[in-house]
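Enquirer: Structure: start_10.txt, compact mmCIF, C-alpha atoms.
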```
# COMPACT_ATOMS: atom_id res chain seq x y z
CA MET A 1 -46.18 141.80 -10.72
CA GLU A 2 -46.79 138.31 -9.32
CA ASP A 3 -44.52 135.41 -8.39
CA THR A 4 -45.08 131.75 -9.26
CA GLN A 5 -47.50 131.34 -6.33
CA GLY A 6 -49.68 134.15 -7.62
CA ALA A 7 -48.89 136.48 -4.71
CA ALA A 8 -48.14 140.13 -5.41
CA ARG A 9 -44.40 140.64 -5.61
CA ASP A 10 -42.49 143.16 -3.55
CA TRP A 11 -38.87 144.17 -3.25
CA SER A 12 -36.65 144.82 -0.25
CA ILE A 13 -35.42 148.33 0.49
CA GLN A 14 -31.90 147.30 -0.52
CA ASP A 15 -33.12 146.00 -3.88
CA ILE A 16 -35.11 149.16 -4.59
CA ALA A 17 -32.19 151.41 -3.62
CA ARG A 18 -29.92 149.51 -6.03
CA ILE A 19 -32.42 149.39 -8.90
CA ALA A 20 -33.47 153.05 -8.60
CA GLY A 21 -29.94 154.35 -8.08
CA THR A 22 -30.69 155.83 -4.67
CA THR A 23 -29.91 154.83 -1.07
CA SER A 24 -31.76 153.02 1.70
CA ARG A 25 -31.31 156.13 3.83
CA THR A 26 -33.08 158.25 1.22
CA LEU A 27 -35.97 155.78 1.00
CA ARG A 28 -36.33 155.78 4.78
CA HIS A 29 -36.39 159.58 4.70
CA TYR A 30 -39.15 159.54 2.10
CA ASP A 31 -41.06 157.29 4.50
CA ASP A 32 -40.43 159.63 7.44
CA VAL A 33 -41.81 162.65 5.58
CA GLY A 34 -44.83 160.71 4.28
CA LEU A 35 -43.92 160.64 0.60
CA LEU A 36 -43.25 156.94 0.17
CA LYS A 37 -44.57 154.37 2.60
CA PRO A 38 -43.41 150.73 2.29
CA SER A 39 -46.11 148.27 1.33
CA ARG A 40 -45.15 146.16 4.33
CA VAL A 41 -42.55 145.82 7.06
CA GLY A 42 -41.12 142.35 7.74
CA ILE A 43 -40.73 140.80 11.16
CA ASN A 44 -37.05 141.68 10.91
CA GLY A 45 -37.98 145.37 10.51
CA TYR A 46 -37.01 145.49 6.83
CA ARG A 47 -39.14 147.62 4.53
CA TYR A 48 -40.63 146.09 1.37
CA TYR A 49 -42.15 147.87 -1.62
CA ASP A 50 -44.75 146.63 -4.10
CA GLY A 51 -45.63 147.85 -7.59
CA ALA A 52 -47.73 150.76 -6.34
CA ALA A 53 -44.83 151.95 -4.20
CA LEU A 54 -42.48 151.72 -7.18
CA LEU A 55 -44.87 153.89 -9.18
CA GLN A 56 -44.83 156.46 -6.40
CA LEU A 57 -41.02 156.34 -6.26
CA GLN A 58 -40.77 156.88 -10.02
CA ARG A 59 -42.88 160.03 -9.67
CA ILE A 60 -40.72 161.28 -6.79
CA LEU A 61 -37.51 160.77 -8.76
CA LEU A 62 -38.97 162.44 -11.85
CA LEU A 63 -40.02 165.50 -9.87
CA ARG A 64 -36.71 165.62 -8.00
CA GLY A 65 -34.98 165.56 -11.36
CA LEU A 66 -37.03 168.59 -12.37
CA GLY A 67 -35.74 170.50 -9.35
CA LEU A 68 -38.70 170.22 -6.98
CA GLY A 69 -38.14 169.97 -3.23
CA LEU A 70 -39.92 167.40 -1.09
CA GLU A 71 -42.56 169.85 0.15
CA ALA A 72 -43.37 170.86 -3.41
CA ILE A 73 -43.57 167.19 -4.44
CA ALA A 74 -46.04 166.56 -1.62
CA GLU A 75 -48.17 169.42 -2.97
CA VAL A 76 -48.04 167.90 -6.47
CA PHE A 77 -49.17 164.52 -5.12
CA HIS A 78 -52.02 166.22 -3.29
CA ARG A 79 -53.20 167.96 -6.47
CA GLN A 80 -52.62 164.99 -8.79
CA ALA A 81 -53.78 161.87 -7.02
CA ASP A 82 -54.18 159.79 -10.19
CA PRO A 83 -50.66 158.44 -10.93
CA VAL A 84 -51.42 157.60 -14.56
CA GLU A 85 -52.71 161.10 -15.29
CA ALA A 86 -49.76 162.65 -13.45
CA LEU A 87 -47.17 160.51 -15.23
CA THR A 88 -48.82 161.29 -18.56
CA ARG A 89 -48.30 164.99 -17.87
CA HIS A 90 -44.71 164.34 -16.82
CA LEU A 91 -44.15 162.43 -20.05
CA GLU A 92 -45.62 165.22 -22.15
CA TRP A 93 -43.40 167.77 -20.44
CA LEU A 94 -40.31 165.57 -20.81
CA GLY A 95 -41.10 165.16 -24.51
CA GLN A 96 -41.34 168.93 -24.94
CA GLU A 97 -38.09 169.43 -23.05
CA GLN A 98 -36.41 166.76 -25.16
CA GLN A 99 -37.44 168.54 -28.36
CA ARG A 100 -36.41 171.94 -27.01
CA LEU A 101 -33.02 170.70 -25.83
CA ALA A 102 -32.44 168.90 -29.14
CA LEU A 103 -33.08 172.16 -31.01
CA GLN A 104 -30.78 174.07 -28.67
CA ALA A 105 -28.05 171.45 -29.05
CA GLN A 106 -28.35 171.63 -32.84
CA SER A 107 -28.25 175.43 -32.69
CA VAL A 108 -25.10 175.43 -30.55
CA ARG A 109 -23.41 172.88 -32.82
CA LYS A 110 -24.13 175.13 -35.82
CA THR A 111 -22.72 178.12 -33.98
CA ILE A 112 -19.52 176.25 -33.02
CA GLU A 113 -19.03 175.04 -36.58
CA THR A 114 -19.64 178.51 -38.02
CA VAL A 115 -17.21 180.15 -35.60
CA ARG A 116 -14.55 177.52 -36.32
CA LYS A 117 -14.82 178.18 -40.05
CA GLY A 118 -14.89 181.95 -39.61
CA GLY A 119 -18.32 182.17 -41.17
CA GLN A 120 -21.15 184.66 -40.69
CA LEU A 121 -23.37 184.00 -37.67
CA MET A 122 -27.09 183.93 -38.48
CA ALA A 123 -29.48 184.95 -35.72
CA GLU A 124 -32.23 182.75 -37.18
CA ASP A 125 -30.01 179.70 -36.64
CA MET A 126 -28.55 180.72 -33.26
CA PHE A 127 -31.83 180.88 -31.37
CA ASP A 128 -33.58 177.66 -32.42
CA GLY A 129 -35.06 176.10 -29.30
CA PHE A 130 -35.03 179.38 -27.35
CA ASP A 131 -38.78 179.79 -27.73
CA HIS A 132 -40.58 182.56 -25.87
CA THR A 133 -43.94 180.95 -26.74
CA GLN A 134 -43.46 177.99 -24.36
CA TYR A 135 -45.82 179.61 -21.81
CA LYS A 136 -48.52 180.43 -24.37
CA ASP A 137 -51.17 178.11 -22.89
CA GLU A 138 -50.62 179.33 -19.34
CA VAL A 139 -50.84 182.99 -20.36
CA GLU A 140 -54.01 182.50 -22.41
CA GLU A 141 -55.66 180.41 -19.70
CA ARG A 142 -54.93 182.89 -16.90
CA TRP A 143 -55.11 186.26 -18.66
CA GLY A 144 -56.81 185.69 -22.00
CA LYS A 145 -55.79 185.36 -25.63
CA ASP A 146 -55.59 189.13 -26.09
CA ALA A 147 -52.88 189.31 -23.40
CA TYR A 148 -50.79 186.70 -25.15
CA ALA A 149 -51.38 188.19 -28.61
CA ALA A 150 -50.28 191.64 -27.46
CA SER A 151 -47.12 190.43 -25.72
CA ASP A 152 -46.31 188.10 -28.64
CA ALA A 153 -46.66 190.94 -31.16
CA TRP A 154 -44.47 193.16 -28.96
CA TRP A 155 -41.78 190.47 -28.81
CA ARG A 156 -41.81 189.76 -32.53
CA SER A 157 -41.52 193.47 -33.28
CA LYS A 158 -38.10 193.59 -31.60
CA ASP A 159 -34.94 193.18 -33.62
CA ASP A 160 -32.24 190.70 -32.60
CA ALA A 161 -30.25 193.22 -30.55
CA GLU A 162 -33.36 194.29 -28.63
CA LYS A 163 -34.29 190.67 -27.90
CA ARG A 164 -30.79 189.95 -26.62
CA GLU A 165 -30.88 193.06 -24.40
CA TRP A 166 -34.26 192.11 -22.94
CA LYS A 167 -33.17 188.52 -22.30
CA SER A 168 -30.01 189.80 -20.64
CA ARG A 169 -32.08 192.01 -18.36
CA ALA A 170 -34.25 189.04 -17.36
CA GLU A 171 -31.20 186.82 -16.80
CA ASN A 172 -29.51 189.47 -14.65
CA LEU A 173 -32.63 189.79 -12.53
CA GLY A 174 -32.77 186.01 -12.12
CA ARG A 175 -29.11 185.86 -11.09
CA ASP A 176 -29.62 188.64 -8.55
CA TRP A 177 -32.59 186.77 -7.07
CA ILE A 178 -30.53 183.58 -6.79
CA ALA A 179 -27.66 185.45 -5.15
CA ALA A 180 -29.98 187.02 -2.60
CA ALA A 181 -31.64 183.72 -1.80
CA THR A 182 -28.26 182.00 -1.43
CA ALA A 183 -27.05 184.76 0.87
CA GLY A 184 -30.02 184.12 3.16
CA VAL A 185 -31.33 187.68 3.12
CA ALA A 186 -34.77 188.35 4.57
CA PRO A 187 -37.60 188.42 1.99
CA ASP A 188 -38.94 191.63 3.56
CA GLY A 189 -35.49 193.24 3.89
CA SER A 190 -34.23 196.13 1.79
CA ARG A 191 -32.18 194.01 -0.63
CA ALA A 192 -35.03 191.63 -1.44
CA GLN A 193 -37.55 194.45 -1.64
CA ASP A 194 -35.37 196.34 -4.12
CA LEU A 195 -35.31 193.18 -6.24
CA ALA A 196 -39.09 192.92 -5.93
CA ARG A 197 -39.41 196.54 -7.11
CA ARG A 198 -37.18 195.77 -10.12
CA HIS A 199 -39.21 192.65 -10.81
CA VAL A 200 -42.52 194.52 -10.83
CA GLU A 201 -41.07 197.23 -13.09
CA TRP A 202 -39.85 194.48 -15.42
CA LEU A 203 -43.36 192.97 -15.52
CA LYS A 204 -44.81 196.38 -16.29
CA SER A 205 -42.59 196.59 -19.38
CA ILE A 206 -44.35 193.65 -21.09
CA PRO A 207 -47.38 194.84 -23.13
CA GLY A 208 -50.65 192.97 -22.89
CA THR A 209 -50.24 191.84 -19.29
CA PRO A 210 -52.32 193.18 -16.37
CA ALA A 211 -49.12 194.82 -15.15
CA ALA A 212 -48.88 196.96 -18.29
CA THR A 213 -52.58 197.62 -18.80
CA ALA A 214 -54.17 200.76 -17.34
CA GLY A 215 -56.59 199.68 -14.63
CA GLY A 216 -55.24 196.12 -14.73
CA ASP A 217 -55.08 193.97 -11.62
CA LEU A 218 -51.37 194.42 -10.98
CA LYS A 219 -51.63 193.12 -7.43
CA GLY A 220 -53.41 189.92 -8.47
CA TYR A 221 -51.07 189.48 -11.43
CA VAL A 222 -47.91 189.69 -9.30
CA LEU A 223 -49.30 187.35 -6.65
CA GLY A 224 -50.46 184.87 -9.30
CA LEU A 225 -47.05 184.84 -10.97
CA ALA A 226 -45.34 184.46 -7.60
CA ASP A 227 -47.34 181.29 -6.98
CA MET A 228 -46.56 179.99 -10.49
CA TYR A 229 -42.84 180.48 -9.91
CA VAL A 230 -43.03 177.91 -7.10
CA ALA A 231 -45.64 175.54 -8.54
CA ASP A 232 -44.15 175.18 -12.03
CA GLN A 233 -40.61 173.81 -12.29
CA ARG A 234 -40.05 175.65 -15.57
CA PHE A 235 -40.46 178.99 -13.79
CA ALA A 236 -38.66 177.82 -10.63
CA ALA A 237 -35.58 176.95 -12.69
CA ASN A 238 -35.08 180.67 -13.37
CA TYR A 239 -34.52 181.20 -9.65
CA GLY A 240 -32.36 178.22 -8.82
CA GLY A 241 -35.17 175.75 -8.17
CA THR A 242 -38.18 175.57 -5.88
CA GLU A 243 -36.36 176.88 -2.82
CA GLY A 244 -35.17 179.98 -4.65
CA ALA A 245 -38.60 180.51 -6.21
CA SER A 246 -40.16 180.31 -2.73
CA PHE A 247 -37.86 183.14 -1.65
CA VAL A 248 -38.93 185.21 -4.66
CA ARG A 249 -42.59 184.55 -3.86
CA ALA A 250 -42.15 185.63 -0.24
CA ALA A 251 -40.38 188.83 -1.29
CA LEU A 252 -43.02 189.68 -3.91
CA ARG A 253 -45.83 189.01 -1.44
CA SER A 254 -44.17 191.34 1.04
CA TYR A 255 -43.75 193.99 -1.65
CA VAL A 256 -47.40 193.70 -2.64
CA GLU A 257 -48.52 194.11 0.97
CA MET A 258 -46.42 197.25 1.42
CA HIS A 259 -46.79 198.94 -1.98
CA LEU A 260 -49.69 197.52 -4.02
CA GLN A 261 -52.58 197.48 -1.61
CA ASP A 262 -54.74 199.46 -4.05
CA GLY A 263 -53.97 197.03 -6.88
CA ASN A 264 -51.59 199.29 -8.86
```
As structure tokens, what does this structure read like?
Expert:
Amino acid sequence: MEDTQGAARDWSIQDIARIAGTTSRTLRHYDDVGLLKPSRVGINGYRYYDGAALLQLQRILLLRGLGLGLEAIAEVFHRQADPVEALTRHLEWLGQEQQRLALQAQSVRKTIETVRKGGQLMAEDMFDGFDHTQYKDEVEERWGKDAYAASDAWWRSKDDAEKREWKSRAENLGRDWIAAATAGVAPDGSRAQDLARRHVEWLKSIPGTPAATAGGDLKGYVLGLADMYVADQRFAANYGGTEGASFVRAALRSYVEMHLQDGN
């Protein structure tokens, strides 16, 4: 953006804090950790930010809103240097989330209305937006279409009660991981390693994956998933965010080192 003299416009740190709904202290911290440098510093020591800096700040706030910590955001910036390409991906993901949440909201509204009227609950209506296929592309890219097809067929073969039981098992595991991370237990301690054992057994129960395939690369599969839990905010959300996912990754890595050295 340019002013009437044709010079590139910038904004003071106070203006940016007000416009972006953050604080000057937070912006200074982003500067200190190398995430957001001001475009210039005035003779009075005030920081000023131009359009490029605003673009960077928008990306930071988007990623913070998705639950990523500052270290994880720095990694994202390192991998995705092109801001337009990165924001395009953010927009696509936000659009998908918007659609998913809209379906879930509609499903919950239907459930409330049905319960209020004393009607019969319909499973087909209750689980709109709770789509197990949201990771289809990642699974096919990493482990092949056959892996996804097998696990998808296994899931669709389950009745509603079996699906609820399996989801409950996954949710309980996630809650136990979050509790352990919050308690500050050591990733290589007995509590975390018992969770890691449960986690690996859970992975083995899903047909089509390397964990469930005879001769499959269980070690590589577990380590690959552990990295995905941290790198992808959708996975990290299951463990309380990036910090919790980092704890899960550390525990799984320790478990692999101690128990899966031969791959299985």
Enquirer: Between A:Ala186, A:Leu35, A:Ala53, A:Val248, which residue has the minimum interatomic distance to Glu75 of chain A, considering all atoms listed in the file?
Expert: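 Nearest to Glu75 of chain A: A:Leu35.
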Enquirer: Could you check how far atom CA of Gln106 of chain A sits from atom CA of Thr242 of chain A, in Å to one decimal?
Expert: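 Result for atom CA of Gln106 of chain A versus atom CA of Thr242 of chain A: 29.0 Å, one decimal.
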Enquirer: In terms of the shortest atom-to-atom distance over only C-alpha atoms, which of A:Gly51, A:Gly45, A:Gly34, A:Gly174 is closest to Asp10 of chain A?
Expert: A:Gly51
Enquirer: To one decimal in Å, tell me the separation between atom CA of Ser254 of chain A and atom CA of Ala196 of chain A.
Expert: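 Straight-line distance from atom CA of Ser254 of chain A to atom CA of Ala196 of chain A works out to 8.8 Å.
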Enquirer: Mind giving me the straight-line distance from atom CA of Tyr48 of chain A to atom CA of Arg89 of chain A in Å, one decimal?
Expert: 28.0 Å
